[in-house]
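S.K.: Sharing a structure with you now.
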Amino acid sequence: MKLSDIAKILECEFNSADIEITAMNSLKDATKSELSFVSNSKYIKDIESSKAAAIIITESLVKYLPKGCVALVVENSYWSMATLSKYFAPPIEDDTLPSAKIGEGSKISPKAEIANGATIGNNCTILAHVYVGSNAVIGDNTTLYPSVTIYRDCKVGSDCMIHAGTTVGSDGFGFASNKLGEHNKIYHNGNVEIGDDVEIGANTAIDRAVFGSTRIKQGSRLDNLIHIAHNCEIGEYSVLAGQTGLAGSSKLGRSTVFGAQSGVAGHLEIAPFNTFAARTGVTKSIKESGKIFAGFPFMEHRAWLKIQGKLARLIK
Amino acid sequence: MKLSDIAKILECEFNSADIEITAMNSLKDATKSELSFVSNSKYIKDIESSKAAAIIITESLVKYLPKGCVALVVENSYWSMATLSKYFAPPIEDDTLPSAKIGEGSKISPKAEIANGATIGNNCTILAHVYVGSNAVIGDNTTLYPSVTIYRDCKVGSDCMIHAGTTVGSDGFGFASNKLGEHNKIYHNGNVEIGDDVEIGANTAIDRAVFGSTRIKQGSRLDNLIHIAHNCEIGEYSVLAGQTGLAGSSKLGRSTVFGAQSGVAGHLEIAPFNTFAARTGVTKSIKESGKIFAGFPFMEHRAWLKIQGKLARLIK
Amino acid sequence: MKLSDIAKILECEFNSADIEITAMNSLKDATKSELSFVSNSKYIKDIESSKAAAIIITESLVKYLPKGCVALVVENSYWSMATLSKYFAPPIEDDTLPSAKIGEGSKISPKAEIANGATIGNNCTILAHVYVGSNAVIGDNTTLYPSVTIYRDCKVGSDCMIHAGTTVGSDGFGFASNKLGEHNKIYHNGNVEIGDDVEIGANTAIDRAVFGSTRIKQGSRLDNLIHIAHNCEIGEYSVLAGQTGLAGSSKLGRSTVFGAQSGVAGHLEIAPFNTFAARTGVTKSIKESGKIFAGFPFMEHRAWLKIQGKLARLIK
């Protein structure tokens with residue numbers, strides 16, 4: 001898409017040399033043919049070091065733009081990014097792609113739907129009513145139980161098992177809002193990448209990334225009815241029990257263990273090898289490892305037990 | 001169905017002129033060809049002003065019946081209503097209806113099932129394993145991702161997007177119980193109506209109304225794994241984050257915002273423009289607007305922060 | 001499978017007479033052609049009284065073995081059991097079984113998948129995108145709404161209704177872990193048994209048992225988005241509201257009532273006729289009946305109300 005056309009869509013001034021923009025991306029990851037955006041002055045450093053060809057930006061932040069980076073000046077840059085995200089969204093199914101490639105020894109139910117451009121590894125079992133979207137890739141020896149949906153572009157590793165009704169790659173819960181309270185959808189053009197040897201329970205939902213990937217790393221175990229928001233990362237060998245939920249962009253280190261019905265707020269980083277009791281609500285990043293936490297707001301498990309003891313005495 | 005036949009099913013006395021009953025409905029909404037019921041003396045005013053042709057009622061409340069309204073006197077009116085609801089339930093799929101109407105430019109997967117009597121608007125994308133029931137109506141430009149189920153009679157607006165595995169129109173969680181603890185199912189013969197420009201995440205469940213409609217109004221955004229019980233109303237442009245649940249008949253005003261894993265008890269009314277932190281449990285109706293709430297039982301967010309501070313000091 | 005071959009897989013010594021092992025089972029339920037395991041010294045009594053042909057066991061517990069029971073001595077018996085569970089897992093779909101038997105008057109959507117060896121009773125309604133696995137049995141007059149998945153070997157009673165997107169019989173969340181934090185899947189070779197007159201809401205997930213059955217007994221009502229882990233038992237006429245979750249092996253007595261978003265920890269027993277307010281978190285077994293509980297950690301509802309009152313005063 002031409003940068004001049006993008007400027008037209010966003011109704012902003014454009015006097016620079018025109019170039020072809022290949023994708024939208026974050027300030028940090030954008031390459032010199034990509035477009036980025038910034039909606040908050042706390043990202044000034046990321047503006048200054050961005051390699052993006054152009055940035056959707058408000059007037060007040062233009063001065064931080066690196067040399068050669070084109071400013072697309074708008075009033076509400078988050079709203080403009082949302083508007084534009086639709087133009088970069090690939091078709092839901094791309095029928096122009098070649099038929100799916102199916103590996104040797106794989107058993108695909110005739111009642112499954114494998115979209116054009118998908119790749120299924122060797123010795124997979126794909127049961128009825130499964131959907132695997134365009135450009136999705138499934139590794140070897142992987143089992144997808146009935147009514148599993150893998151959206152376009154998502155990757156599932158080898159030796160994985162995904163139970164019935166689980167969704168991988170739905171759009172994240174992202175939109176810009178205006179003063180009237182109306183919402184402008186952000187199309188999520190990233191994907192989900194699931195490592196090898198991962199098992200996921202039934203009716204769980206894992207959202208795709210805005211840019212880049214939501215990641216469930218090797219050896220992890222997710223139970224039923226879990227909610228993983230866009231751009232999260234689950235470290236290797238982590239264990240998440242039933243009905244746990246992670247808000248957007250949170251990152252769990254290796255071997256993180258969550259009891260059932262837990263929750264994690266957005267944009268947190270949790271160091272490896274921590275354990276969380278059932279129903280813990282994590283509201284801050286955690287830098288130490290090897291601890292046990294509980295409660296909401298969360299605290300060390302020992303402290304939580306103490307509080308419960310005091311509360312019990314309170315009522316006597 | 002003849003009123004005399006209804007009396008026979010309920011094994012109650014019947015001496016009135018016979019008429020054709022077209023449907024069951026609430027005391028407030030029943031018209032003069034409809035049947036209603038009352039199971040609680042707190043609805044006396046609704047009895048007195050009801051336009052229903054007949055009311056299933058207990059002996060003690062008969063005296064409040066308006067003139068011309070026939071009493072069907074039973075011992076347990078809620079149980080009798082449940083028994084009768086089955087007789088008014090339309091067939092799950094009505095094959096006698098004409099084939100579904102599909103609008104121009106719509107792309108329907110051959111692996112989707114569009115039942116007879118359904119209507120799909122223009123330029124829709126209906127992916128594999130979707131189910132659209134008899135008499136359901138889908139507006140223009142709407143996308144239904146794989147394994148979405150729209151039960152019979154439900155309506156989805158234009159420019160909507162519903163992600164994989166979401167269910168719209170399942171029966172609400174309603175039944176009458178007797179002294180032995182046995183349950184008598186209430187067939188939910190209402191529907192769900194979803195306005196224009198609504199996006200719903202993956203694996204969410206929205207129940208149909210007993211009578212009338214469960215409503216998700218224009219411009220709302222629902223995340224993954226949300227539970228909306230029968231007869232709820234979600235106001236325009238509202239935002240519900242993942243794993244939130246609403247019990248039956250609760251009504252949220254315009255631009256209500258819920259953080260993840262929140263809950264709302266049944267039969268509440270929440271004024272517009274309120275915000276609820278993650279995990280809030282709302283137990284009472286709210287008349288003011290523009291506030292932020294948190295906690296369970298819920299309170300203003302400032303008060304909740306204070307309590308957490310005091311609890312933190314308690315353990316020192 | 002020969003016991004000598006099992007010993008080879010587990011790389012343990014084997015000098016006994018060889019026999020055919022027909023299945024794995026718990027210490028309590030194993031018969032004399034079955035293999036069991038023990039991973040914890042608190043089960044010494046169960047070892048002593050076990051009828052198993054052989055037991056996977058650590059050196060220190062061998063002395064408790066009953067006469068004639070063969071010891072398969074390993075370092076990590078739980079890990080070894082997990083390794084072996086895969087060998088006893090039947091094929092996901094058994095195409096060598098005869099075609100499914102369909103009862104009279106049943107209406108099966110051509111877009112449903114009924115695997116070989118399944119049995120559907122009379123007058124059932126099986127909608128599009130339903131999956132019924134090998135050897136699964138569905139009683140009479142039962143309705144399965146779209147995208148319901150019934151895994152192999154599971155049983156659903158008569159007069160049941162299961163709403164869209166619900167999964168019955170996915171593997172439980174079970175695995176052995178080693179010191180590196182890697183996980184070894186336990187194949188769940190038990191099933192789920194659902195009694196007569198049970199209604200289950202949309203997008204609920206019920207896991208199969210490791211051995212034996214997860215049971216939802218007659219007349220129960222489960223709402224949407226509920227999580228029932230492996231080997232749980234729900235007593236007759238119980239009522240579980242939306243988004244409630246039960247951890248593994250917990251048993252609810254008859255007529256248990258749970259408000260929405262409640263949770264039950266694993267391996268608990270709850271006496272019949274108890275009621276739990278919304279969001280209760282049950283952490284201990286309950287021996288009394290007829291009580292109302294609330295809170296997390298849970299307590300009697302009266303006590304919980306008192307605490308909330310005191311907390312409210314605290315902040316003034």
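Residue names in the structure tokens use chain letters A, B, ... in the order shown, residue numbers from 1 in each chain, and ligand numbers from 1 in the order shown.
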DSSP on the backbone, then: every residue of stretch 251-284 of chain C marked strand (DSSP E or B), written as a list in words.
M.R.: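 Selection result, strand (DSSP E or B) within stretch 251-284 of chain C: Lys251, Leu252, Val257, Phe258, Gly263, Val264, Glu269, Ile270, Thr275, Phe276, Gly281 and Val282 of chain C.
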S.K.: How would the residues just picked look written out with C-alpha atoms as a PDB file, in the first residue's frame?
M.R.:
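Done, and the output landed in result-v7.pdb:
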ATOM      1  CA  LYS C 251     -17.849 -35.280  44.781  1.00  0.00           C
ATOM      2  CA  LEU C 252     -21.024 -33.285  45.362  1.00  0.00           C
ATOM      3  CA  VAL C 257     -26.626 -25.786  44.588  1.00  0.00           C
ATOM      4  CA  PHE C 258     -23.788 -23.519  43.431  1.00  0.00           C
ATOM      5  CA  GLY C 263     -15.061 -23.079  42.637  1.00  0.00           C
ATOM      6  CA  VAL C 264     -14.331 -26.351  44.394  1.00  0.00           C
ATOM      7  CA  GLU C 269     -16.594 -34.517  49.412  1.00  0.00           C
ATOM      8  CA  ILE C 270     -19.595 -32.306  49.922  1.00  0.00           C
ATOM      9  CA  THR C 275     -26.126 -24.327  48.961  1.00  0.00           C
ATOM     10  CA  PHE C 276     -23.223 -22.067  47.994  1.00  0.00           C
ATOM     11  CA  GLY C 281     -14.476 -21.104  46.868  1.00  0.00           C
ATOM     12  CA  VAL C 282     -14.763 -24.450  48.652  1.00  0.00           C
TER      13      VAL C 282
END
S.K.: Check every residue of chain A for an atom within 7 Å of chain C, counting only C-alpha atoms, and provide those that qualify as a PyMOL selection string.
M.R.: chain A and resi 128-129+146-147+163-165+202-203+219+223-224+237+242+255+315
S.K.: For a test of reading the model, state the distance in Å between atom CA of B:Asn191 and atom CA of B:Ser106, rounded to one decimal.
M.R.: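 Result for atom CA of B:Asn191 versus atom CA of B:Ser106: 24.1 Å, one decimal.
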S.K.: Just want the 8 Å neighbourhood of C:Ala71, counted on only C-alpha atoms, with same-chain residues fewer than 2 positions away dropped. Output as a ChimeraX atom specification.
M.R.: /C:54-57,62,65,69,73
S.K.: Show which residues sit within 7 Å of B:His230, as a list in words. Count only C-alpha atoms, and ignore same-chain residues fewer than 5 positions away.
M.R.: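 My list of contacting residues is Gly172, Asp207, Arg208, Ala209, Val210, Thr214, Gly248 and Ser249 of chain B.
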S.K.: Next, the residues of the selection above should be written as a CSV table (one decimal), in the first residue's frame with C-alpha atoms.
M.R.:
chain,number,residue,atom,x,y,z
B,172,GLY,CA,-31.5,-19.8,29.7
B,207,ASP,CA,-28.7,-17.2,26.3
B,208,ARG,CA,-32.1,-16.5,24.8
B,209,ALA,CA,-34.9,-14.8,26.7
B,210,VAL,CA,-37.8,-16.7,28.3
B,214,THR,CA,-31.9,-10.8,25.4
B,248,GLY,CA,-30.5,-13.4,34.4
B,249,SER,CA,-32.5,-10.2,33.5
